[in-house]
$ cat run.txt   # compact mmCIF, C-alpha atoms and all ligand atoms
# COMPACT_ATOMS: atom_id res chain seq x y z
CA MET A 1190 -13.29 3.99 19.86
CA GLU A 1191 -10.69 5.38 17.46
CA THR A 1192 -9.04 8.73 18.06
CA ALA A 1193 -7.70 11.17 15.47
CA ASP A 1194 -6.68 14.81 15.24
CA VAL A 1195 -9.39 15.60 12.71
CA ILE A 1196 -12.58 13.85 11.61
CA VAL A 1197 -13.73 14.74 8.09
CA ILE A 1198 -17.36 13.91 7.28
CA GLY A 1199 -17.83 13.06 3.59
CA ALA A 1200 -15.46 11.52 1.03
CA GLY A 1201 -16.42 13.52 -2.03
CA ILE A 1202 -13.82 15.79 -3.59
CA ALA A 1203 -14.18 18.28 -0.71
CA GLY A 1204 -13.55 15.74 2.05
CA ALA A 1205 -10.77 13.97 0.15
CA SER A 1206 -8.91 17.19 -0.69
CA VAL A 1207 -9.11 18.75 2.76
CA SER A 1208 -8.10 15.51 4.49
CA TYR A 1209 -5.05 15.32 2.18
CA GLU A 1210 -4.08 18.89 3.13
CA LEU A 1211 -4.56 18.28 6.86
CA SER A 1212 -2.79 14.91 6.94
CA THR A 1213 0.60 16.64 7.02
CA HIS A 1214 -0.35 17.99 10.46
CA GLY A 1215 -1.89 14.99 12.19
CA LYS A 1216 -4.04 11.91 11.92
CA VAL A 1217 -7.13 12.38 9.76
CA VAL A 1218 -10.05 9.96 9.52
CA VAL A 1219 -12.65 10.48 6.80
CA LEU A 1220 -16.11 9.04 7.47
CA GLU A 1221 -18.15 8.28 4.35
CA ALA A 1222 -21.75 7.07 4.36
CA GLU A 1223 -21.53 5.26 1.03
CA ALA A 1224 -19.54 2.17 0.03
CA VAL A 1225 -17.23 4.22 -2.21
CA ALA A 1226 -15.75 7.70 -2.19
CA GLY A 1227 -17.16 10.17 -4.73
CA TYR A 1228 -20.53 8.42 -5.11
CA HIS A 1229 -22.66 11.59 -4.99
CA ALA A 1230 -22.01 15.02 -6.61
CA THR A 1231 -18.32 14.37 -7.23
CA GLY A 1232 -18.94 11.33 -9.41
CA ARG A 1233 -21.68 13.06 -11.41
CA SER A 1234 -20.11 16.31 -12.56
CA ALA A 1235 -19.29 17.59 -16.03
CA ALA A 1236 -15.68 17.69 -14.83
CA ILE A 1237 -14.44 20.90 -16.36
CA ILE A 1238 -12.44 23.86 -15.10
CA SER A 1239 -13.38 27.24 -16.53
CA GLU A 1240 -12.38 30.72 -15.44
CA ASN A 1241 -15.78 31.89 -16.67
CA TYR A 1242 -18.08 29.86 -14.46
CA GLY A 1243 -19.63 30.66 -11.11
CA PRO A 1244 -19.82 33.52 -8.65
CA VAL A 1245 -16.90 35.80 -7.86
CA LEU A 1246 -15.27 34.12 -4.85
CA TRP A 1247 -15.59 30.61 -6.28
CA SER A 1248 -14.01 31.93 -9.50
CA ARG A 1249 -11.05 33.15 -7.48
CA LEU A 1250 -10.69 29.75 -5.85
CA VAL A 1251 -10.76 28.25 -9.35
CA THR A 1252 -7.87 30.53 -10.33
CA ALA A 1253 -5.98 29.50 -7.17
CA SER A 1254 -6.58 25.79 -7.93
CA ARG A 1255 -5.35 25.75 -11.49
CA ARG A 1256 -1.66 25.39 -10.67
CA PHE A 1257 -2.26 22.26 -8.56
CA LEU A 1258 -4.38 20.69 -11.30
CA ALA A 1259 -1.85 21.55 -14.02
CA ALA A 1260 1.20 20.44 -12.04
CA PRO A 1261 0.25 18.24 -9.07
CA PRO A 1262 2.95 17.10 -6.63
CA GLU A 1263 5.32 14.34 -7.78
CA GLY A 1264 3.61 10.93 -7.60
CA PHE A 1265 0.10 12.37 -7.07
CA SER A 1266 -1.27 10.90 -10.29
CA GLN A 1267 0.06 8.58 -13.00
CA THR A 1268 -1.92 10.50 -15.62
CA PRO A 1269 -2.39 14.25 -16.22
CA LEU A 1270 -5.30 15.72 -14.24
CA LEU A 1271 -6.18 18.16 -17.02
CA SER A 1272 -6.70 17.70 -20.74
CA PRO A 1273 -7.60 20.25 -23.43
CA ARG A 1274 -11.27 21.12 -23.90
CA GLY A 1275 -12.01 24.84 -24.50
CA ALA A 1276 -15.32 26.52 -23.71
CA LEU A 1277 -17.72 28.42 -25.91
CA PHE A 1278 -20.29 30.86 -24.46
CA LEU A 1279 -23.07 31.81 -26.88
CA ALA A 1280 -25.12 35.02 -26.72
CA ARG A 1281 -28.41 35.63 -28.50
CA GLU A 1282 -29.65 38.98 -29.70
CA GLY A 1283 -29.99 41.21 -26.63
CA GLU A 1284 -27.47 39.24 -24.58
CA HIS A 1285 -24.40 41.01 -25.84
CA ALA A 1286 -24.04 43.06 -22.64
CA ALA A 1287 -23.85 39.88 -20.56
CA LEU A 1288 -21.15 38.49 -22.83
CA THR A 1289 -19.24 41.77 -22.64
CA ARG A 1290 -19.35 41.62 -18.83
CA GLN A 1291 -17.88 38.13 -18.96
CA ALA A 1292 -15.18 39.28 -21.37
CA ASP A 1293 -14.31 42.27 -19.15
CA ALA A 1294 -14.05 40.04 -16.07
CA LEU A 1295 -11.84 37.55 -17.90
CA ALA A 1296 -9.62 40.39 -19.14
CA ARG A 1297 -9.27 41.75 -15.59
CA ARG A 1298 -8.17 38.34 -14.40
CA GLY A 1299 -5.69 37.91 -17.22
CA ALA A 1300 -7.54 34.91 -18.72
CA PHE A 1301 -7.28 34.27 -22.46
CA PHE A 1302 -10.45 34.58 -24.53
CA GLU A 1303 -11.67 35.57 -27.94
CA VAL A 1304 -14.99 37.19 -28.88
CA MET A 1305 -16.34 36.44 -32.35
CA PRO A 1306 -19.52 36.47 -34.43
CA ALA A 1307 -21.51 33.27 -33.80
CA ARG A 1308 -20.84 32.06 -37.36
CA GLU A 1309 -17.09 31.91 -36.63
CA ALA A 1310 -17.77 29.70 -33.60
CA LEU A 1311 -18.51 26.91 -36.08
CA ALA A 1312 -14.75 26.49 -36.39
CA HIS A 1313 -14.79 25.30 -32.77
CA CYS A 1314 -18.14 23.52 -32.71
CA PRO A 1315 -19.38 22.59 -36.19
CA VAL A 1316 -22.81 21.35 -35.02
CA LEU A 1317 -24.07 24.76 -33.86
CA ARG A 1318 -26.94 26.53 -35.55
CA PRO A 1319 -25.27 29.95 -35.78
CA ASP A 1320 -28.54 31.68 -36.77
CA GLN A 1321 -29.71 31.08 -33.17
CA PHE A 1322 -26.94 33.22 -31.71
CA GLU A 1323 -25.22 36.53 -32.40
CA THR A 1324 -21.92 36.44 -30.60
CA ALA A 1325 -19.62 33.88 -29.03
CA LEU A 1326 -16.84 33.99 -26.48
CA TYR A 1327 -14.21 31.26 -26.70
CA GLU A 1328 -12.09 30.41 -23.65
CA PRO A 1329 -9.22 28.17 -24.82
CA ASP A 1330 -7.95 27.38 -21.30
CA CYS A 1331 -11.09 25.56 -20.17
CA LYS A 1332 -9.93 21.97 -19.49
CA ASP A 1333 -11.42 18.60 -18.72
CA ILE A 1334 -10.56 17.37 -15.23
CA ASP A 1335 -9.92 13.68 -14.62
CA THR A 1336 -12.07 13.68 -11.47
CA ASN A 1337 -11.31 10.07 -10.70
CA ALA A 1338 -7.55 10.65 -10.86
CA LEU A 1339 -7.91 13.77 -8.70
CA LEU A 1340 -10.03 12.02 -6.07
CA SER A 1341 -7.80 8.92 -6.01
CA GLY A 1342 -4.67 11.06 -5.85
CA TYR A 1343 -5.97 12.85 -2.77
CA ILE A 1344 -7.00 9.60 -1.08
CA ARG A 1345 -3.71 7.82 -1.87
CA GLY A 1346 -1.79 10.84 -0.55
CA LEU A 1347 -3.89 10.83 2.63
CA GLN A 1348 -3.27 7.12 3.15
CA ALA A 1349 0.48 7.52 2.54
CA ARG A 1350 0.53 10.02 5.42
CA GLY A 1351 -1.26 7.67 7.80
CA GLY A 1352 -4.82 8.89 7.29
CA ARG A 1353 -7.71 6.76 6.15
CA VAL A 1354 -11.21 6.69 4.71
CA GLU A 1355 -13.83 4.62 6.52
CA VAL A 1356 -16.60 3.78 4.04
CA ASN A 1357 -20.11 2.53 4.91
CA ALA A 1358 -19.80 4.85 7.89
CA PRO A 1359 -22.72 7.30 7.94
CA VAL A 1360 -22.34 9.61 10.93
CA ARG A 1361 -25.51 9.07 12.96
CA SER A 1362 -24.65 11.22 15.97
CA LEU A 1363 -22.11 13.93 16.60
CA GLU A 1364 -21.54 15.18 20.12
CA ARG A 1365 -18.95 17.33 21.77
CA SER A 1366 -17.83 17.03 25.39
CA ASP A 1367 -14.57 17.61 27.26
CA GLY A 1368 -13.11 19.33 24.21
CA VAL A 1369 -13.63 16.34 21.90
CA TRP A 1370 -16.13 15.48 19.15
CA ARG A 1371 -17.53 11.95 19.14
CA ALA A 1372 -18.95 10.70 15.82
CA THR A 1373 -20.98 7.52 15.99
CA THR A 1374 -21.29 5.35 12.90
CA PRO A 1375 -22.24 1.71 12.23
CA ARG A 1376 -18.45 1.14 11.81
CA GLY A 1377 -17.65 2.38 15.29
CA THR A 1378 -17.17 5.61 17.21
CA PHE A 1379 -14.49 8.13 16.27
CA GLU A 1380 -13.09 10.92 18.41
CA ALA A 1381 -11.21 14.11 17.50
CA PRO A 1382 -10.99 17.72 18.70
CA VAL A 1383 -11.89 19.08 15.24
CA VAL A 1384 -14.60 18.10 12.75
CA ILE A 1385 -14.76 19.15 9.09
CA ASN A 1386 -18.20 19.21 7.53
CA ALA A 1387 -17.62 18.16 3.90
CA ALA A 1388 -20.97 16.42 3.55
CA GLY A 1389 -22.06 18.09 0.28
CA GLY A 1390 -25.86 18.05 -0.01
CA TRP A 1391 -26.06 16.84 3.60
CA ALA A 1392 -23.98 19.68 5.08
CA ARG A 1393 -26.98 21.18 6.87
CA GLU A 1394 -28.06 17.78 8.24
CA VAL A 1395 -24.57 17.21 9.62
CA SER A 1396 -24.57 20.62 11.31
CA SER A 1397 -27.94 19.74 12.90
CA LEU A 1398 -26.43 16.48 14.16
CA ALA A 1399 -23.76 18.64 15.81
CA GLY A 1400 -26.51 20.61 17.57
CA LEU A 1401 -25.89 23.84 15.66
CA SER A 1402 -28.65 26.29 14.74
CA PHE A 1403 -30.28 26.53 11.29
CA ARG A 1404 -27.76 26.99 8.46
CA ASN A 1405 -28.90 27.98 5.00
CA VAL A 1406 -26.85 25.61 2.81
CA VAL A 1407 -29.09 23.43 0.67
CA PRO A 1408 -28.92 21.07 -2.31
CA PHE A 1409 -30.48 21.50 -5.76
CA ARG A 1410 -30.80 18.73 -8.32
CA ARG A 1411 -29.28 18.98 -11.80
CA THR A 1412 -30.00 16.54 -14.64
CA ALA A 1413 -27.52 15.28 -17.21
CA VAL A 1414 -28.04 13.15 -20.32
CA LEU A 1415 -25.61 11.21 -22.50
CA PHE A 1416 -26.36 10.33 -26.11
CA ASN A 1417 -24.56 8.97 -29.15
CA PRO A 1418 -23.82 11.64 -31.74
CA PRO A 1419 -25.33 10.95 -35.16
CA ALA A 1420 -23.20 8.89 -37.56
CA GLY A 1421 -20.41 10.90 -39.11
CA TYR A 1422 -20.01 13.29 -36.16
CA GLU A 1423 -16.75 13.16 -34.22
CA PRO A 1424 -17.28 15.21 -31.05
CA SER A 1425 -14.00 14.64 -29.20
CA SER A 1426 -12.48 18.03 -30.07
CA TRP A 1427 -15.63 20.13 -29.52
CA PRO A 1428 -15.56 22.60 -26.63
CA MET A 1429 -17.86 22.67 -23.62
CA THR A 1430 -20.64 24.83 -25.09
CA PHE A 1431 -22.91 27.02 -22.94
CA ASP A 1432 -25.50 29.64 -23.74
CA VAL A 1433 -25.12 32.88 -21.82
CA ALA A 1434 -28.80 32.74 -20.82
CA GLU A 1435 -28.04 29.45 -19.06
CA THR A 1436 -30.60 27.18 -20.65
CA PHE A 1437 -28.20 24.40 -21.68
CA TYR A 1438 -24.65 23.19 -21.97
CA PHE A 1439 -23.18 20.24 -23.82
CA LYS A 1440 -19.76 18.67 -24.15
CA PRO A 1441 -18.11 15.57 -25.56
CA GLU A 1442 -17.79 12.68 -23.16
CA ALA A 1443 -15.82 9.59 -24.22
CA GLY A 1444 -17.15 9.54 -27.80
CA ARG A 1445 -20.67 10.57 -26.73
CA VAL A 1446 -22.25 13.93 -25.97
CA MET A 1447 -23.34 15.02 -22.49
CA VAL A 1448 -26.06 17.67 -22.29
CA SER A 1449 -27.72 19.34 -19.34
CA PRO A 1450 -30.72 21.69 -19.37
CA VAL A 1451 -28.97 23.34 -16.38
CA ASP A 1452 -31.95 22.71 -14.12
CA MET A 1453 -31.76 23.75 -10.50
CA ALA A 1454 -34.58 22.08 -8.60
CA ALA A 1455 -34.79 22.39 -4.84
CA CYS A 1456 -34.72 18.94 -3.27
CA GLU A 1457 -33.95 17.04 -0.11
CA PRO A 1458 -30.47 15.47 0.09
CA CYS A 1459 -30.78 12.11 -1.63
CA ASP A 1460 -29.40 9.79 -4.29
CA ALA A 1461 -30.48 12.24 -7.01
CA GLN A 1462 -31.99 10.88 -10.22
CA ALA A 1463 -32.53 12.46 -13.63
CA ASP A 1464 -35.85 14.27 -13.96
CA GLU A 1465 -37.76 13.02 -17.04
CA LEU A 1466 -39.10 16.45 -17.97
CA GLU A 1467 -35.57 17.87 -17.79
CA VAL A 1468 -34.29 15.00 -19.95
CA ALA A 1469 -36.87 15.99 -22.59
CA LEU A 1470 -35.87 19.65 -22.30
CA ALA A 1471 -32.19 18.77 -22.71
CA ILE A 1472 -32.93 16.87 -25.92
CA ASP A 1473 -35.15 19.67 -27.20
CA ARG A 1474 -32.33 22.18 -26.70
CA ILE A 1475 -29.93 20.01 -28.65
CA HIS A 1476 -32.47 19.89 -31.48
CA ARG A 1477 -33.06 23.65 -31.38
CA PHE A 1478 -29.50 24.86 -31.08
CA THR A 1479 -27.47 22.25 -32.95
CA THR A 1480 -27.79 20.16 -36.09
CA MET A 1481 -27.65 16.92 -34.06
CA ASP A 1482 -30.56 14.53 -33.90
CA VAL A 1483 -30.81 12.66 -30.59
CA ARG A 1484 -32.02 9.17 -31.43
CA ALA A 1485 -31.31 7.36 -28.16
CA VAL A 1486 -30.24 8.39 -24.69
CA THR A 1487 -27.52 6.04 -23.50
CA HIS A 1488 -27.37 7.24 -19.91
CA LYS A 1489 -28.98 9.90 -17.71
CA TRP A 1490 -28.32 10.94 -14.17
CA GLY A 1491 -29.03 13.51 -11.50
CA GLY A 1492 -26.63 15.15 -9.10
CA LEU A 1493 -26.80 17.54 -6.16
CA ARG A 1494 -25.24 20.98 -6.27
CA THR A 1495 -25.30 22.71 -2.90
CA PHE A 1496 -25.60 26.46 -2.38
CA ALA A 1497 -25.71 29.19 0.24
CA PRO A 1498 -28.15 32.00 -0.68
CA ASP A 1499 -25.37 34.13 -2.20
CA HIS A 1500 -23.90 31.05 -3.98
CA GLU A 1501 -20.48 31.81 -2.47
CA PRO A 1502 -18.25 29.43 -0.45
CA VAL A 1503 -19.20 28.36 3.05
CA ILE A 1504 -15.73 27.70 4.43
CA GLY A 1505 -14.51 28.23 7.96
CA PRO A 1506 -15.37 27.78 11.63
CA ASP A 1507 -19.02 27.74 12.63
CA PRO A 1508 -19.90 30.88 14.64
CA GLU A 1509 -21.41 28.76 17.44
CA GLN A 1510 -18.69 26.13 17.58
CA PRO A 1511 -15.29 27.08 16.13
CA THR A 1512 -14.01 23.48 16.15
CA PHE A 1513 -16.72 22.60 13.60
CA ILE A 1514 -15.25 23.68 10.26
CA TRP A 1515 -17.43 24.02 7.15
CA LEU A 1516 -16.31 23.15 3.64
CA ALA A 1517 -19.59 23.43 1.77
CA GLY A 1518 -21.73 25.35 -0.70
CA GLN A 1519 -19.59 24.40 -3.72
CA GLY A 1520 -22.46 24.72 -6.21
CA GLY A 1521 -21.09 24.04 -9.69
CA ASN A 1522 -17.46 24.79 -8.81
CA GLY A 1523 -16.62 22.03 -6.33
CA VAL A 1524 -14.27 19.95 -8.48
CA MET A 1525 -12.49 22.77 -10.29
CA ALA A 1526 -11.95 24.78 -7.08
CA ALA A 1527 -11.31 21.87 -4.71
CA ALA A 1528 -7.56 22.32 -4.44
CA ALA A 1529 -7.69 25.91 -3.17
CA ALA A 1530 -10.89 25.44 -1.16
CA ALA A 1531 -9.19 22.56 0.67
CA ARG A 1532 -6.12 24.63 1.49
CA LEU A 1533 -8.39 27.40 2.76
CA ALA A 1534 -10.45 25.05 4.95
CA ALA A 1535 -7.27 23.39 6.24
CA SER A 1536 -5.87 26.77 7.27
CA PHE A 1537 -8.98 27.41 9.40
CA ALA A 1538 -8.84 23.92 10.92
CA ALA A 1539 -5.16 24.29 11.78
CA GLY A 1540 -5.62 27.84 13.13
CA ARG A 1541 -3.27 29.31 10.51
CA SER A 1542 -3.72 32.44 8.41
CA ILE A 1543 -5.30 32.16 4.95
CA PRO A 1544 -2.75 30.93 2.36
CA GLN A 1545 -1.04 33.96 0.84
CA ASP A 1546 -1.97 33.29 -2.77
CA ILE A 1547 -5.65 32.99 -1.79
CA ALA A 1548 -5.59 36.12 0.38
CA ALA A 1549 -3.92 37.96 -2.52
CA LEU A 1550 -7.00 37.20 -4.63
CA GLY A 1551 -9.14 39.11 -2.12
CA LEU A 1552 -10.69 36.28 -0.11
CA THR A 1553 -11.12 37.00 3.59
CA ALA A 1554 -12.36 34.84 6.45
CA ALA A 1555 -15.47 37.03 6.66
CA SER A 1556 -16.33 36.73 2.96
CA VAL A 1557 -16.58 32.92 3.09
CA SER A 1558 -17.67 32.57 6.71
CA PRO A 1559 -20.55 30.26 7.67
CA GLY A 1560 -21.40 33.04 10.13
CA ARG A 1561 -22.29 35.58 7.42
CA PRO A 1562 -25.89 36.82 7.65
CA CYS A 1563 -27.37 34.98 4.64
CA VAL A 1564 -26.13 31.62 5.96
CA ILE A 1565 -27.26 31.95 9.56
CA ASP A 1566 -30.48 33.89 8.98
CA ALA A 1567 -33.51 31.67 8.39
CA ALA A 1568 -35.39 34.76 7.17
CA ALA A 1569 -32.94 35.13 4.24
CA GLY A 1570 -34.95 32.43 2.46
CA THR A 1571 -33.59 29.58 0.42
CA PRO A 1572 -30.98 30.13 -2.30
CA THR A 1573 -32.45 31.46 -5.53
CA VAL A 1574 -33.85 28.71 -7.71
CA GLY A 1575 -33.00 28.76 -11.38
CA CYS A 1576 -30.53 31.57 -11.20
CA LEU A 1577 -26.80 31.25 -10.97
CA ALA A 1578 -24.93 34.16 -9.50
CA ALA A 1579 -23.78 36.51 -12.23
CA PHE A 1580 -20.47 35.75 -13.88
CA GLN A 1581 -17.86 38.16 -12.55
C1 LIG A 1601 -24.51 17.59 -13.34
C2 LIG A 1601 -23.41 18.28 -12.57
C3 LIG A 1601 -22.36 18.87 -13.25
C4 LIG A 1601 -21.31 19.47 -12.55
N1 LIG A 1601 -20.24 19.95 -13.26
C5 LIG A 1601 -19.16 20.44 -12.59
C6 LIG A 1601 -18.00 20.83 -13.29
O1 LIG A 1601 -17.92 20.73 -14.51
N2 LIG A 1601 -16.95 21.29 -12.58
C7 LIG A 1601 -16.99 21.42 -11.21
O2 LIG A 1601 -16.03 21.88 -10.61
N3 LIG A 1601 -18.10 21.05 -10.52
C8 LIG A 1601 -19.17 20.56 -11.16
N4 LIG A 1601 -20.28 20.16 -10.47
C9 LIG A 1601 -20.33 20.38 -9.02
C10 LIG A 1601 -19.48 19.39 -8.26
O3 LIG A 1601 -19.85 18.08 -8.66
C11 LIG A 1601 -19.71 19.58 -6.76
O4 LIG A 1601 -19.52 20.93 -6.41
C12 LIG A 1601 -18.73 18.76 -5.94
O5 LIG A 1601 -18.67 17.43 -6.39
C13 LIG A 1601 -19.13 18.78 -4.47
O6 LIG A 1601 -18.25 17.90 -3.78
P1 LIG A 1601 -18.54 17.51 -2.29
O7 LIG A 1601 -17.41 16.65 -1.85
O8 LIG A 1601 -18.85 18.73 -1.49
O9 LIG A 1601 -19.92 16.68 -2.32
P2 LIG A 1601 -20.19 15.15 -2.60
O10 LIG A 1601 -19.39 14.62 -3.72
O11 LIG A 1601 -21.66 14.98 -2.69
O12 LIG A 1601 -19.65 14.45 -1.28
C14 LIG A 1601 -20.30 14.57 -0.03
C15 LIG A 1601 -20.18 13.21 0.64
O13 LIG A 1601 -20.63 13.31 2.00
C16 LIG A 1601 -21.18 12.05 2.34
N5 LIG A 1601 -22.03 12.22 3.51
C17 LIG A 1601 -23.15 12.97 3.64
N6 LIG A 1601 -23.66 12.87 4.88
C18 LIG A 1601 -22.84 12.02 5.57
C19 LIG A 1601 -22.85 11.52 6.89
N7 LIG A 1601 -23.79 11.85 7.80
N8 LIG A 1601 -21.86 10.66 7.26
C20 LIG A 1601 -20.88 10.31 6.37
N9 LIG A 1601 -20.84 10.76 5.10
C21 LIG A 1601 -21.80 11.62 4.71
C22 LIG A 1601 -21.97 11.67 1.10
O14 LIG A 1601 -22.24 10.28 1.05
C23 LIG A 1601 -21.05 12.15 -0.02
O15 LIG A 1601 -20.22 11.11 -0.52
C24 LIG A 1601 -21.35 19.54 -11.13
C25 LIG A 1601 -22.40 18.95 -10.44
C26 LIG A 1601 -23.43 18.32 -11.13
C27 LIG A 1601 -24.53 17.67 -10.36

$ encode --input "run.txt" --output "structure tokens" --more "lines below"
Ligand SMILES: Cc1cc2nc3c(=O)[nH]c(=O)nc-3n(C[C@H](O)[C@H](O)[C@H](O)COP(=O)(O)OP(=O)(O)OC[C@H]3O[C@@H](n4cnc5c(N)ncnc54)[C@H](O)[C@@H]3O)c2cc1C
Amino acid sequence: METADVIVIGAGIAGASVSYELSTHGKVVVLEAEAVAGYHATGRSAAIISENYGPVLWSRLVTASRRFLAAPPEGFSQTPLLSPRGALFLAREGEHAALTRQADALARRGAFFEVMPAREALAHCPVLRPDQFETALYEPDCKDIDTNALLSGYIRGLQARGGRVEVNAPVRSLERSDGVWRATTPRGTFEAPVVINAAGGWAREVSSLAGLSFRNVVPFRRTAVLFNPPAGYEPSSWPMTFDVAETFYFKPEAGRVMVSPVDMAACEPCDAQADELEVALAIDRIHRFTTMDVRAVTHKWGGLRTFAPDHEPVIGPDPEQPTFIWLAGQGGNGVMAAAAAARLAASFAAGRSIPQDIAALGLTAASVSPGRPCVIDAAAGTPTVGCLAAFQ
């Protein structure tokens, strides 16, 4: 039996970041089911940060995370965590109002952007078929995130403060008695007064293990495809390119091009795989909206994105058991918003008030609470399939 001050379940970006934040206050042990950290959603993301992506509260956590990513603490990473990318959002005829809403929201938040006729977007992404779109919004401050450097930085920092990650340690039972949680794994039993649920697509399963009632936080599969650009194309400087209607995005990835048909298929938590139909759709969208010809797919994968019904963060103490702290429901914002989400979750775990910069952005304990009606109410139904919350 090993004792700690906090047990964190899951060593994706959520578990790694919150354990780093909490390790200044006590001993933290992270229990990870897989043989390596970051094996599931974290290792399968498109790895960008954009101020124009996701629902309102996640967007605010993105804003609050940017400073850490741009200037991490001394010694956190040998290499920069961010590198230039840029993002292009394309609107077809009839979608101008949606683009204008995005532009207004970016302006309110002080983010840089430029709106232009689709033809001018060719200067940023020369493979577009501009006749398919009317207008484009360019966000220059969208960056690539070095997810591996971010994850390793958090884990190294945790270890330097006496914490550790136990891999191959799926939590099989989780019981509380005499004021202490006991997590049983094939690597032994671990004890701590506080548990953080950072189990990604398995967050609901972990809360069931803890004996809590139904919680509406569930995973959806997304497919991604990598292909070689045709000869003569040099994609490295192209932006991450989305359509406003959310039917595709593509971006350069180490000399290749990654494309997703932005599918959102309800599924059980699992080692997600690419869906063949979605692979075909992704390729079709490249053919329809760009001048690229996809000859051969070099790699394809699936990943889980986990949502509450309102797509907003599920961060804070469980209403039935306040020593069980949620850090879940990251959807498509989990890497870019990890730094602030971790500080927020750590403040709940340590019984402190919400960090000032995050509170100043309008986040309250109630707005992200796992006790809010849509999360605890089975009758609220599952999160909407195929529809991201509106950009704010
Ligand atoms: C195709 C795709 C593109 C994306 N693009 C972006 C992007 O550009 N930017 C961005 O910010 N986000 C993006 N995301 C979303 C992002 O990847 C996730 O929000 C984020 O990785 C979630 O991190 P996590 O730590 O919560 O989950 P995970 O990385 O899945 O980690 C959860 C961990 O918990 C472990 N676990 C589960 N149950 C147990 C148990 N019982 N015992 C022990 N361990 C357990 C799992 O093994 C897993 O390692 C994308 C996702 C996908 C799929």

$ residues_around --input "run.txt" --residues "A:Pro1269" --least-positions-apart "3" --cutoff "10 Å" --atoms "all atoms listed in the file" --output "list in words"
Leu1258, Ala1259, Ala1260, Pro1261, Phe1265, Ser1266, Ser1272, Ile1334, Asp1335, Ala1338 and Leu1339 of chain A

$ residues_around --input "run.txt" --residues "A:Ala1200" --least-positions-apart "3" --cutoff "8 Å" --atoms "only C-alpha atoms" --output "PyMOL selection string"
chain A and resi 1197+1203-1205+1219-1221+1226-1227+1354+1387-1388

$ residues_near_ligand --input "run.txt" --ligand "ligand LIG 1601 (chain A)" --cutoff "6 Å" --atoms "all atoms listed in the file" --output "VMD selection string"
chain A and resid 1198 to 1204 1220 to 1223 1226 to 1231 1233 to 1238 1358 to 1360 1387 to 1391 1395 1411 to 1413 1492 to 1494 1517 1519 to 1525

$ atom_distance --input "run.txt" --atom1 "atom CA of A:Pro1502" --atom2 "atom CA of A:Trp1247"
6.5 Å

$ closest_residue --input "run.txt" --among "A:Arg1365, A:Arg1445, A:Arg1561, A:Arg1477" --to "A:Val1406" --atoms "only C-alpha atoms"
A:Arg1561

$ residues_around --input "run.txt" --residues "A:Trp1427" --least-positions-apart "4" --cutoff "7 Å" --atoms "all atoms listed in the file" --output "list of chain:residue names"
A:His1313, A:Cys1314, A:Lys1440, A:Pro1441

$ closest_residue --input "run.txt" --among "A:Phe1409, A:Phe1322, A:Phe1403, A:Phe1437" --to "A:Ala1567" --atoms "only C-alpha atoms"
A:Phe1403

$ residues_around --input "run.txt" --residues "stretch 1540-1553 of chain A" --least-positions-apart "3" --cutoff "7 Å" --atoms "all atoms listed in the file" --output "PDB file with C-alpha atoms, keeping the file's coordinate frame"
ATOM      1  CA  LEU A1246     -15.270  34.120  -4.850  1.00  0.00           C
ATOM      2  CA  ARG A1249     -11.050  33.150  -7.480  1.00  0.00           C
ATOM      3  CA  ALA A1253      -5.980  29.500  -7.170  1.00  0.00           C
ATOM      4  CA  LEU A1533      -8.390  27.400   2.760  1.00  0.00           C
ATOM      5  CA  SER A1536      -5.870  26.770   7.270  1.00  0.00           C
ATOM      6  CA  PHE A1537      -8.980  27.410   9.400  1.00  0.00           C
ATOM      7  CA  SER A1556     -16.330  36.730   2.960  1.00  0.00           C
ATOM      8  CA  VAL A1557     -16.580  32.920   3.090  1.00  0.00           C
TER       9      VAL A1557
END

$ residues_around --input "run.txt" --residues "A:Pro1382" --least-positions-apart "2" --cutoff "10 Å" --atoms "only C-alpha atoms" --output "ChimeraX atom specification"
/A:1192-1196,1365-1371,1380,1384,1512-1513

$ write_last_selection --input "run.txt" --atoms "C-alpha atoms" --output "PDB file, in the coordinates of the input"
ATOM      1  CA  THR A1192      -9.040   8.730  18.060  1.00  0.00           C
ATOM      2  CA  ALA A1193      -7.700  11.170  15.470  1.00  0.00           C
ATOM      3  CA  ASP A1194      -6.680  14.810  15.240  1.00  0.00           C
ATOM      4  CA  VAL A1195      -9.390  15.600  12.710  1.00  0.00           C
ATOM      5  CA  ILE A1196     -12.580  13.850  11.610  1.00  0.00           C
ATOM      6  CA  ARG A1365     -18.950  17.330  21.770  1.00  0.00           C
ATOM      7  CA  SER A1366     -17.830  17.030  25.390  1.00  0.00           C
ATOM      8  CA  ASP A1367     -14.570  17.610  27.260  1.00  0.00           C
ATOM      9  CA  GLY A1368     -13.110  19.330  24.210  1.00  0.00           C
ATOM     10  CA  VAL A1369     -13.630  16.340  21.900  1.00  0.00           C
ATOM     11  CA  TRP A1370     -16.130  15.480  19.150  1.00  0.00           C
ATOM     12  CA  ARG A1371     -17.530  11.950  19.140  1.00  0.00           C
ATOM     13  CA  GLU A1380     -13.090  10.920  18.410  1.00  0.00           C
ATOM     14  CA  VAL A1384     -14.600  18.100  12.750  1.00  0.00           C
ATOM     15  CA  THR A1512     -14.010  23.480  16.150  1.00  0.00           C
ATOM     16  CA  PHE A1513     -16.720  22.600  13.600  1.00  0.00           C
TER      17      PHE A1513
END

$ closest_residue --input "run.txt" --among "A:Ala1528, A:Ala1300, A:Val1245, A:Cys1459" --to "A:Phe1257" --atoms "all atoms listed in the file"
A:Ala1528

$ closest_atom_pairs --input "run.txt" --of "stretch 1401-1440 of chain A" --to "stretch 1278-1293 of chain A" --cutoff "8 Å" --atoms "all atoms listed in the file" --output "JSON lines"
{"residue": "A:Thr1430", "atom": "CA", "partner": "A:Phe1278", "partner_atom": "CA", "distance": 6.1}
{"residue": "A:Phe1431", "atom": "CA", "partner": "A:Phe1278", "partner_atom": "CA", "distance": 4.9}
{"residue": "A:Asp1432", "atom": "CA", "partner": "A:Leu1279", "partner_atom": "CA", "distance": 4.5}
{"residue": "A:Val1433", "atom": "CA", "partner": "A:Ala1280", "partner_atom": "CA", "distance": 5.3}
{"residue": "A:Ala1434", "atom": "CA", "partner": "A:Ala1280", "partner_atom": "CA", "distance": 7.3}
